[in-house]
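**Q** protein.txt (compact mmCIF, C-alpha atoms) pasted underneath:
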```
# COMPACT_ATOMS: atom_id res chain seq x y z
CA MET A 1317 19.54 -17.46 6.38
CA ASN A 1318 20.15 -19.29 9.62
CA ASP A 1319 17.80 -18.71 12.55
CA LYS A 1320 19.87 -15.88 14.05
CA GLN A 1321 20.20 -14.05 10.74
CA LYS A 1322 16.46 -14.39 10.14
CA GLU A 1323 15.76 -13.03 13.62
CA LEU A 1324 17.95 -10.00 12.95
CA ALA A 1325 16.41 -9.39 9.52
CA LEU A 1326 12.91 -9.36 10.98
CA ALA A 1327 14.08 -7.12 13.82
CA LEU A 1328 15.43 -4.68 11.22
CA LEU A 1329 12.06 -4.81 9.45
CA LYS A 1330 10.24 -4.03 12.72
CA ALA A 1331 12.63 -1.17 13.48
CA SER A 1332 12.18 0.29 10.00
CA ALA A 1333 8.46 -0.26 9.40
CA GLY A 1334 7.26 0.13 12.98
CA ASP A 1335 5.03 -2.22 14.93
CA ALA A 1336 1.98 -1.77 12.68
CA GLY A 1337 3.93 -2.19 9.43
CA HIS A 1338 5.79 -5.20 10.79
CA LYS A 1339 2.57 -6.95 11.88
CA LYS A 1340 0.98 -6.25 8.52
CA ALA A 1341 4.01 -7.55 6.64
CA SER A 1342 4.04 -10.70 8.80
CA LEU A 1343 0.38 -11.31 8.00
CA VAL A 1344 0.96 -10.84 4.26
CA MET A 1345 3.85 -13.33 4.45
CA SER A 1346 1.67 -15.85 6.33
CA LEU A 1347 -0.80 -15.90 3.41
CA GLU A 1348 1.85 -17.75 1.39
CA SER A 1349 1.03 -20.89 3.38
CA ILE A 1350 -2.60 -20.63 2.28
CA LEU A 1351 -1.54 -20.15 -1.34
CA ALA A 1352 0.74 -23.18 -1.11
CA ASP A 1353 -2.22 -25.32 -0.03
CA LEU A 1354 -4.56 -23.89 -2.68
CA GLU A 1355 -2.15 -24.02 -5.59
CA LYS A 1356 -0.32 -27.24 -4.65
CA LYS A 1357 2.47 -27.51 -7.25
CA GLY A 1358 1.97 -24.17 -8.94
CA ALA A 1359 4.59 -22.38 -11.02
CA MET A 1360 5.24 -19.78 -8.30
CA VAL A 1361 7.13 -20.31 -5.04
CA ARG A 1362 4.68 -20.03 -2.14
CA ASP A 1363 6.70 -19.94 1.07
CA PRO A 1364 6.50 -17.50 4.04
CA ASN A 1365 10.32 -17.57 4.10
CA TRP A 1366 10.73 -16.69 0.40
CA TYR A 1367 11.50 -13.02 1.08
CA PHE A 1368 14.71 -11.14 0.41
CA VAL A 1369 16.85 -8.51 2.11
CA THR A 1370 18.97 -6.15 0.03
CA VAL A 1371 21.29 -3.49 1.46
CA PHE A 1372 22.38 -0.48 -0.60
CA GLY A 1373 25.55 1.29 0.48
CA LYS A 1374 27.22 0.88 3.86
CA PRO A 1375 24.99 0.97 6.95
CA SER A 1376 26.01 3.93 9.09
CA LYS A 1377 24.67 6.22 11.82
CA THR A 1378 26.03 9.23 9.93
CA GLY A 1379 26.04 8.47 6.20
CA LYS A 1380 23.42 7.65 3.59
CA TRP A 1381 22.34 4.10 2.87
CA GLY A 1382 19.23 2.08 2.23
CA TRP A 1383 17.71 -1.34 2.36
CA ARG A 1384 14.77 -3.31 0.97
CA PHE A 1385 12.56 -6.14 2.21
CA GLU A 1386 10.88 -7.74 -0.77
CA GLY A 1387 8.99 -10.79 -1.93
CA HIS A 1388 5.49 -11.78 -3.03
CA HIS A 1389 3.13 -8.88 -2.23
CA LEU A 1390 5.74 -6.91 -0.29
CA SER A 1391 8.17 -4.24 -1.43
CA LEU A 1392 9.25 -2.13 1.54
CA ASN A 1393 12.06 0.32 0.87
CA PHE A 1394 13.91 2.46 3.39
CA THR A 1395 16.41 5.24 2.72
CA LEU A 1396 18.38 6.53 5.71
CA ASP A 1397 20.57 9.57 6.30
CA GLY A 1398 22.24 10.38 9.60
CA GLY A 1399 20.58 7.45 11.31
CA LYS A 1400 17.06 8.56 10.37
CA ILE A 1401 14.62 7.27 7.77
CA VAL A 1402 14.23 10.00 5.15
CA SER A 1403 12.11 7.94 2.76
CA ALA A 1404 9.95 4.82 3.12
CA THR A 1405 8.74 4.63 -0.46
CA PRO A 1406 7.94 2.72 -2.56
CA CYS A 1407 5.71 1.17 0.12
CA PHE A 1408 3.83 -1.72 -1.50
CA TYR A 1409 1.54 -4.24 0.17
CA GLY A 1410 -0.58 -6.85 -1.53
CA ALA A 1411 -2.85 -9.65 -0.34
CA ASN A 1412 -4.04 -12.88 -1.93
CA PRO A 1413 -6.59 -13.65 -0.67
CA ALA A 1414 -7.67 -10.18 0.43
CA VAL A 1415 -10.16 -11.85 2.77
CA VAL A 1416 -9.59 -15.50 3.65
CA LYS A 1417 -12.78 -17.35 2.72
CA GLY A 1418 -12.21 -20.70 4.43
CA GLY A 1419 -10.03 -22.83 6.68
CA ASP A 1420 -8.51 -22.04 10.05
CA LYS A 1421 -7.84 -18.41 9.09
CA GLN A 1422 -11.30 -17.72 7.67
CA GLY A 1423 -12.18 -14.05 7.97
CA THR A 1424 -8.56 -12.89 8.12
CA GLU A 1425 -8.11 -9.59 6.26
CA ALA A 1426 -4.56 -8.37 5.72
CA LEU A 1427 -5.30 -4.88 4.39
CA PRO A 1428 -8.59 -3.64 5.92
CA GLU A 1429 -7.38 -0.03 5.84
CA SER A 1430 -7.55 -0.14 2.03
CA GLU A 1431 -11.15 -1.36 1.84
CA LYS A 1432 -13.72 -0.02 4.33
CA PRO A 1433 -12.40 3.58 4.46
CA TYR A 1434 -12.54 3.69 0.66
CA LEU A 1435 -16.15 2.49 0.68
CA ASP A 1436 -16.94 5.08 3.34
CA VAL A 1437 -15.73 7.85 1.04
CA ILE A 1438 -17.89 6.69 -1.87
CA VAL A 1439 -21.02 6.26 0.26
CA GLN A 1440 -20.84 9.93 1.23
CA LEU A 1441 -20.52 11.29 -2.31
CA ASP A 1442 -23.63 12.62 -4.02
CA ALA A 1443 -24.60 11.73 -7.58
CA ASP A 1444 -22.87 14.73 -9.17
CA GLN A 1445 -19.66 14.12 -7.23
CA LYS A 1446 -19.64 10.46 -8.26
CA LYS A 1447 -19.85 11.53 -11.91
CA VAL A 1448 -16.57 13.39 -11.41
CA ALA A 1449 -14.85 10.79 -9.23
CA LYS A 1450 -15.82 7.64 -11.14
CA GLN A 1451 -13.63 6.78 -14.12
CA ALA A 1452 -14.73 4.99 -17.27
CA LYS A 1453 -11.82 2.54 -17.17
CA GLN A 1454 -10.07 0.70 -14.37
CA PHE A 1455 -6.73 2.13 -13.31
CA PRO A 1456 -3.80 0.05 -14.59
CA GLU A 1457 -1.61 -2.22 -12.51
CA ILE A 1458 0.85 -0.43 -10.21
CA GLU A 1459 4.02 0.39 -12.14
CA GLU A 1460 7.25 -1.34 -11.15
CA ASN A 1461 10.96 -0.72 -11.70
CA VAL A 1462 10.72 3.07 -11.87
CA LYS A 1463 12.12 5.70 -9.51
CA LYS A 1464 9.11 7.96 -9.97
CA PRO A 1465 5.47 6.86 -10.44
CA GLY A 1466 4.22 7.67 -13.93
CA VAL A 1467 0.66 8.47 -12.85
CA GLY A 1468 0.38 11.81 -14.64
CA LYS A 1469 -1.86 14.61 -13.43
CA PRO A 1470 -4.48 13.93 -10.75
CA VAL A 1471 -7.93 12.88 -11.95
CA GLY A 1472 -11.28 12.63 -10.24
CA LEU A 1473 -12.86 14.71 -7.50
CA ALA A 1474 -10.76 17.34 -5.73
CA ALA A 1475 -11.00 17.59 -1.94
CA LYS A 1476 -11.87 21.28 -2.30
CA ALA A 1477 -15.16 20.16 -3.87
CA MET A 1478 -16.00 17.98 -0.85
CA THR A 1479 -17.88 18.74 2.34
CA ASP A 1480 -16.05 18.69 5.66
CA LYS A 1481 -17.51 15.26 6.46
CA GLN A 1482 -16.38 13.89 3.10
CA LYS A 1483 -12.91 15.33 3.62
CA GLU A 1484 -12.77 13.64 7.01
CA ALA A 1485 -13.55 10.28 5.37
CA LEU A 1486 -10.85 10.88 2.75
CA ARG A 1487 -8.32 11.79 5.46
CA LYS A 1488 -9.10 8.52 7.22
CA LEU A 1489 -8.39 6.56 4.02
CA ILE A 1490 -5.09 8.38 3.52
CA LYS A 1491 -4.10 7.99 7.17
CA GLY A 1492 -4.65 4.24 6.98
CA TYR A 1493 -2.03 3.96 4.24
CA ALA A 1494 0.39 6.33 6.00
CA GLU A 1495 0.20 4.27 9.18
CA ARG A 1496 1.78 1.35 7.37
CA MET A 1497 5.00 3.28 8.03
CA ARG A 1498 6.76 4.16 11.30
CA PRO A 1499 4.78 6.81 13.24
CA GLU A 1500 7.33 9.58 12.72
CA VAL A 1501 7.64 8.75 9.02
CA ALA A 1502 3.86 8.70 8.62
CA LYS A 1503 3.64 12.07 10.40
CA ALA A 1504 6.26 13.56 8.09
CA GLU A 1505 4.35 12.32 5.02
CA LEU A 1506 1.04 13.68 6.32
CA ASP A 1507 2.62 17.00 7.32
CA GLU A 1508 4.05 17.35 3.82
CA LEU A 1509 0.61 16.59 2.40
CA GLU A 1510 -1.00 19.33 4.51
CA LYS A 1511 1.74 21.80 3.66
CA ALA A 1512 1.16 21.21 -0.04
CA GLY A 1513 -2.58 21.71 0.45
CA PHE A 1514 -5.18 19.07 1.27
CA ASP A 1515 -7.70 20.74 -1.02
CA GLU A 1516 -5.49 19.74 -3.96
CA VAL A 1517 -5.82 16.02 -3.19
CA HIS A 1518 -7.94 14.15 -5.77
CA PHE A 1519 -9.97 10.99 -5.28
CA ALA A 1520 -10.90 8.78 -8.22
CA TYR A 1521 -12.26 5.26 -8.55
CA ALA A 1522 -13.44 2.78 -11.17
CA GLY A 1523 -15.66 -0.28 -11.09
CA GLU A 1524 -18.34 -1.08 -8.57
CA ALA A 1525 -17.52 -0.45 -4.92
CA VAL A 1526 -18.89 -3.78 -3.69
CA PRO A 1527 -17.16 -7.02 -2.64
CA GLY A 1528 -16.59 -9.47 -5.46
CA GLN A 1529 -16.60 -6.80 -8.18
CA PRO A 1530 -13.38 -5.56 -9.85
CA ARG A 1531 -12.46 -2.14 -8.49
CA THR A 1532 -9.55 0.26 -8.46
CA TYR A 1533 -8.93 3.68 -6.99
CA ARG A 1534 -6.33 6.39 -6.76
CA VAL A 1535 -5.77 9.17 -4.23
CA GLN A 1536 -3.27 11.73 -5.47
CA GLY A 1537 -1.93 14.99 -4.10
CA PRO A 1538 1.02 17.24 -4.92
CA THR A 1539 3.38 15.06 -2.85
CA PHE A 1540 2.03 11.50 -2.86
CA VAL A 1541 -0.10 8.97 -4.69
CA ILE A 1542 -2.01 6.01 -3.30
CA GLU A 1543 -2.82 3.29 -5.82
CA TYR A 1544 -5.18 0.37 -5.26
CA VAL A 1545 -5.99 -2.46 -7.66
CA ASN A 1546 -8.39 -5.32 -6.90
CA THR A 1547 -9.33 -6.88 -10.21
CA GLN A 1548 -7.96 -10.44 -9.95
CA ALA A 1549 -9.55 -13.52 -8.46
CA ASP A 1550 -7.76 -15.10 -5.52
CA SER A 1551 -6.17 -18.53 -5.77
CA ALA A 1552 -9.47 -20.16 -4.72
CA LYS A 1553 -11.17 -18.44 -7.72
CA ASN A 1554 -13.12 -15.95 -5.60
CA PRO A 1555 -13.51 -12.89 -7.87
CA ALA A 1556 -11.87 -9.56 -7.01
CA ASN A 1557 -10.25 -10.84 -3.82
CA HIS A 1558 -6.62 -10.07 -4.65
CA ILE A 1559 -5.25 -6.65 -3.67
CA HIS A 1560 -2.24 -4.64 -4.84
CA SER A 1561 -1.79 -1.30 -3.06
CA SER A 1562 0.94 1.27 -2.58
CA TRP A 1563 2.01 4.69 -1.30
CA ARG A 1564 4.56 6.50 -3.44
CA ASN A 1565 6.14 9.94 -3.63
CA VAL A 1566 5.15 11.66 -6.86
CA LYS A 1567 8.42 13.65 -6.87
CA GLY A 1568 10.48 10.47 -6.68
CA ASP A 1569 10.94 7.54 -4.32
CA PHE A 1570 14.04 6.58 -2.32
CA GLY A 1571 14.35 10.19 -1.11
CA MET A 1572 15.08 11.34 -4.68
CA LYS A 1573 13.16 14.61 -4.65
```
Let's see the structure in the file written out as structure tokens.
**A**
Amino acid sequence: MNDKQKELALALLKASAGDAGHKKASLVMSLESILADLEKKGAMVRDPNWYFVTVFGKPSKTGKWGWRFEGHHLSLNFTLDGGKIVSATPCFYGANPAVVKGGDKQGTEALPESEKPYLDVIVQLDADQKKVAKQAKQFPEIEENVKKPGVGKPVGLAAKAMTDKQKEALRKLIKGYAERMRPEVAKAELDELEKAGFDEVHFAYAGEAVPGQPRTYRVQGPTFVIEYVNTQADSAKNPANHIHSSWRNVKGDFGMK
């Protein structure tokens, strides 16, 4: 794209994802420069400009159409109808490195909402609850190229088996993912969650909930699923410092309910 086209594409991203989502996406894209320095002449393209815009249908204030902003560690999808966003899933963000360990950007963390709130949930669980929530095997990598996530039935600890304080911690984790979307879209997702019944939300994790150790988790309710995978080393060989995370609609993404 030329400079004007790029400016418009990023403006469309900001309008669709909201300020918070746009800032987060920009930070994820900026990590490509770090990867380029670490990997030198690697097999993958590492370039903050190596991201792609795809439009589906004809953009209109009255009809249905959609568009996607996608590249390394970003897959942001927006379905519109009547000038309003009716779906913002799949909503995928990744980060390599999850926490920058050196250089000018040392300490930078692209996806903090996926880490500390998750640890806060686990800390509050008692031994019996952890036996239910903790899984024997790591969750698999987030599935791609499907209209509906094939996650099956919820596993782990149900919110109805949690105390009010534990539920509050779980809500904070969920809210952090929802706020990657525009405020009104996030509100609609959270309202749908509450309507379906928060007590039916399940929390499950695998691995050790400490930095540097492979870990995965899943938060699943009747309407949504959050998936998190941090099992790979980053490009500087720091273990478990490479995040894949997403929010998806269990009934079907792209507004296909």
**Q** Counting only C-alpha atoms, note down every residue that has an atom within 8 Å of the point (1.3, 15.9, -4.8) (file coordinates), as a PyMOL selection string.
**A** chain A and resi 1509+1512+1516-1517+1536-1541+1565-1567
**Q** Range 1417-1423 of chain A: which residues within 10 Å, counting only C-alpha atoms, same-chain residues fewer than 4 positions away excluded, as a short mmCIF file (atom, residue, chain, number, x, y, z; two decimals) with C-alpha atoms, in the frame of the given file?
**A**
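around_24.cif written:
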```cif
data_model
loop_
_atom_site.label_atom_id
_atom_site.label_comp_id
_atom_site.auth_asym_id
_atom_site.auth_seq_id
_atom_site.Cartn_x
_atom_site.Cartn_y
_atom_site.Cartn_z
CA LEU A 1347 -0.80 -15.90 3.41
CA ILE A 1350 -2.60 -20.63 2.28
CA PRO A 1413 -6.59 -13.65 -0.67
CA ASP A 1550 -7.76 -15.10 -5.52
CA ALA A 1552 -9.47 -20.16 -4.72
CA ASN A 1554 -13.12 -15.95 -5.60
CA ASN A 1557 -10.25 -10.84 -3.82
#
```
**Q** Kindly indicate which residue among A:Glu1543, A:Asp1319, A:Asp1507, A:Asp1335 lies nearest to Pro1456 in chain A, using all atoms listed in the file for the distances.
**A**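 Distance minimum relative to Pro1456 in chain A lands on A:Glu1543.
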**Q** Suppose you want the space between CA of Leu1427 in chain A and CA of Ile1490 in chain A; what is it in Å?
**A** 13.3 Å
**Q** Report, in Å to a single decimal, how far apart CA of Thr1547 in chain A and CA of Asp1353 in chain A are.
**A**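 The value is 22.2 Å.
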**Q** Name all residues at most 10 Å from Phe1372 in chain A (count only C-alpha atoms; drop same-chain ones fewer than 6 positions away) and give them as a CSV table (one decimal) with C-alpha atoms, in the coordinates of the input.
**A**
```csv
chain,number,residue,atom,x,y,z
A,1380,LYS,CA,23.4,7.6,3.6
A,1381,TRP,CA,22.3,4.1,2.9
A,1382,GLY,CA,19.2,2.1,2.2
A,1383,TRP,CA,17.7,-1.3,2.4
A,1384,ARG,CA,14.8,-3.3,1.0
A,1394,PHE,CA,13.9,2.5,3.4
A,1395,THR,CA,16.4,5.2,2.7
```
**Q** Restricting the calculation to all atoms listed in the file, which member of A:Lys1330, A:Lys1339, A:Arg1534, A:Lys1322 is positioned closest to Gln1451 in chain A?
**A**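 Comparing A:Lys1330, A:Lys1339, A:Arg1534, A:Lys1322 against Gln1451 in chain A, the winner is A:Arg1534.
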**Q** Taking 6 positions as the minimum chain separation for residues in the same chain, which residues sit within 10 Å of Ile1458 in chain A when counting all atoms listed in the file? Answer as an mmCIF file with C-alpha atoms, in the coordinates of the input.
**A**
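Generated file (around.cif):
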```
data_model
loop_
_atom_site.group_PDB
_atom_site.id
_atom_site.type_symbol
_atom_site.label_atom_id
_atom_site.label_comp_id
_atom_site.auth_asym_id
_atom_site.auth_seq_id
_atom_site.Cartn_x
_atom_site.Cartn_y
_atom_site.Cartn_z
ATOM 1 C CA PHE A 1408 3.830 -1.720 -1.500
ATOM 2 C CA PRO A 1465 5.470 6.860 -10.440
ATOM 3 C CA GLY A 1466 4.220 7.670 -13.930
ATOM 4 C CA VAL A 1467 0.660 8.470 -12.850
ATOM 5 C CA ILE A 1542 -2.010 6.010 -3.300
ATOM 6 C CA GLU A 1543 -2.820 3.290 -5.820
ATOM 7 C CA TYR A 1544 -5.180 0.370 -5.260
ATOM 8 C CA VAL A 1545 -5.990 -2.460 -7.660
ATOM 9 C CA HIS A 1560 -2.240 -4.640 -4.840
ATOM 10 C CA SER A 1561 -1.790 -1.300 -3.060
ATOM 11 C CA SER A 1562 0.940 1.270 -2.580
#
```
**Q** So what do you get for CA of Leu1354 in chain A versus CA of Pro1555 in chain A, distance-wise?
**A** 15.1 Å
**Q** Here is a test: counting all atoms listed in the file, which residue of A:Gly1472, A:Pro1530, A:Pro1406, A:Pro1433 is nearest to Lys1491 in chain A?
**A**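 Answer, going by the shortest atom-to-atom distance: A:Pro1433.
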**Q** Using all atoms listed in the file, give me every residue within 7 Å of (-8.0, 13.9, -11.3) in file coordinates, as a ChimeraX atom specification.
**A** /A:1469-1473,1518-1520
**Q** May I ask which of the residues A:Glu1459, A:Asn1412, A:Glu1429, A:Lys1481 is the closest one to Glu1355 in chain A, counting all atoms listed in the file?
**A**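 Using all atoms listed in the file, Glu1355 in chain A sits closest to A:Asn1412.
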**Q** Residues at most 10 Å from Val1439 in chain A, counting all atoms listed in the file, excluding those fewer than 4 positions away in the same chain, as a list in words?
**A**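 The filter keeps Pro1433, Tyr1434, Leu1435, Lys1446, Gln1482, Ala1485 and Ala1525 of chain A.
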**Q** Rank nothing, just name the residue among A:Ala1474, A:Ala1504, A:Ala1549, A:Ala1449 nearest to Tyr1521 in chain A, using all atoms listed in the file.
**A**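 Closest candidate: A:Ala1449.
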**Q** Skipping near chain neighbours, those fewer than 5 positions away, what residues fall within 9 Å of Leu1343 in chain A using all atoms listed in the file, listed as number ranges by chain?
**A** A: 1338, 1425-1426
**Q** For C-alpha atoms, I'd like the residues from the last selection saved as a PDB file, in the coordinates of the input.
**A**
```
ATOM      1  CA  HIS A1338       5.790  -5.200  10.790  1.00  0.00           C
ATOM      2  CA  GLU A1425      -8.110  -9.590   6.260  1.00  0.00           C
ATOM      3  CA  ALA A1426      -4.560  -8.370   5.720  1.00  0.00           C
TER       4      ALA A1426
END
```
**Q** Nearest to Asp1444 in chain A among A:Glu1510, A:Ala1477, A:Leu1392, A:Glu1484, with distances taken over all atoms listed in the file: which residue is it?
**A**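 Among the listed residues, A:Ala1477 lies closest to Asp1444 in chain A.
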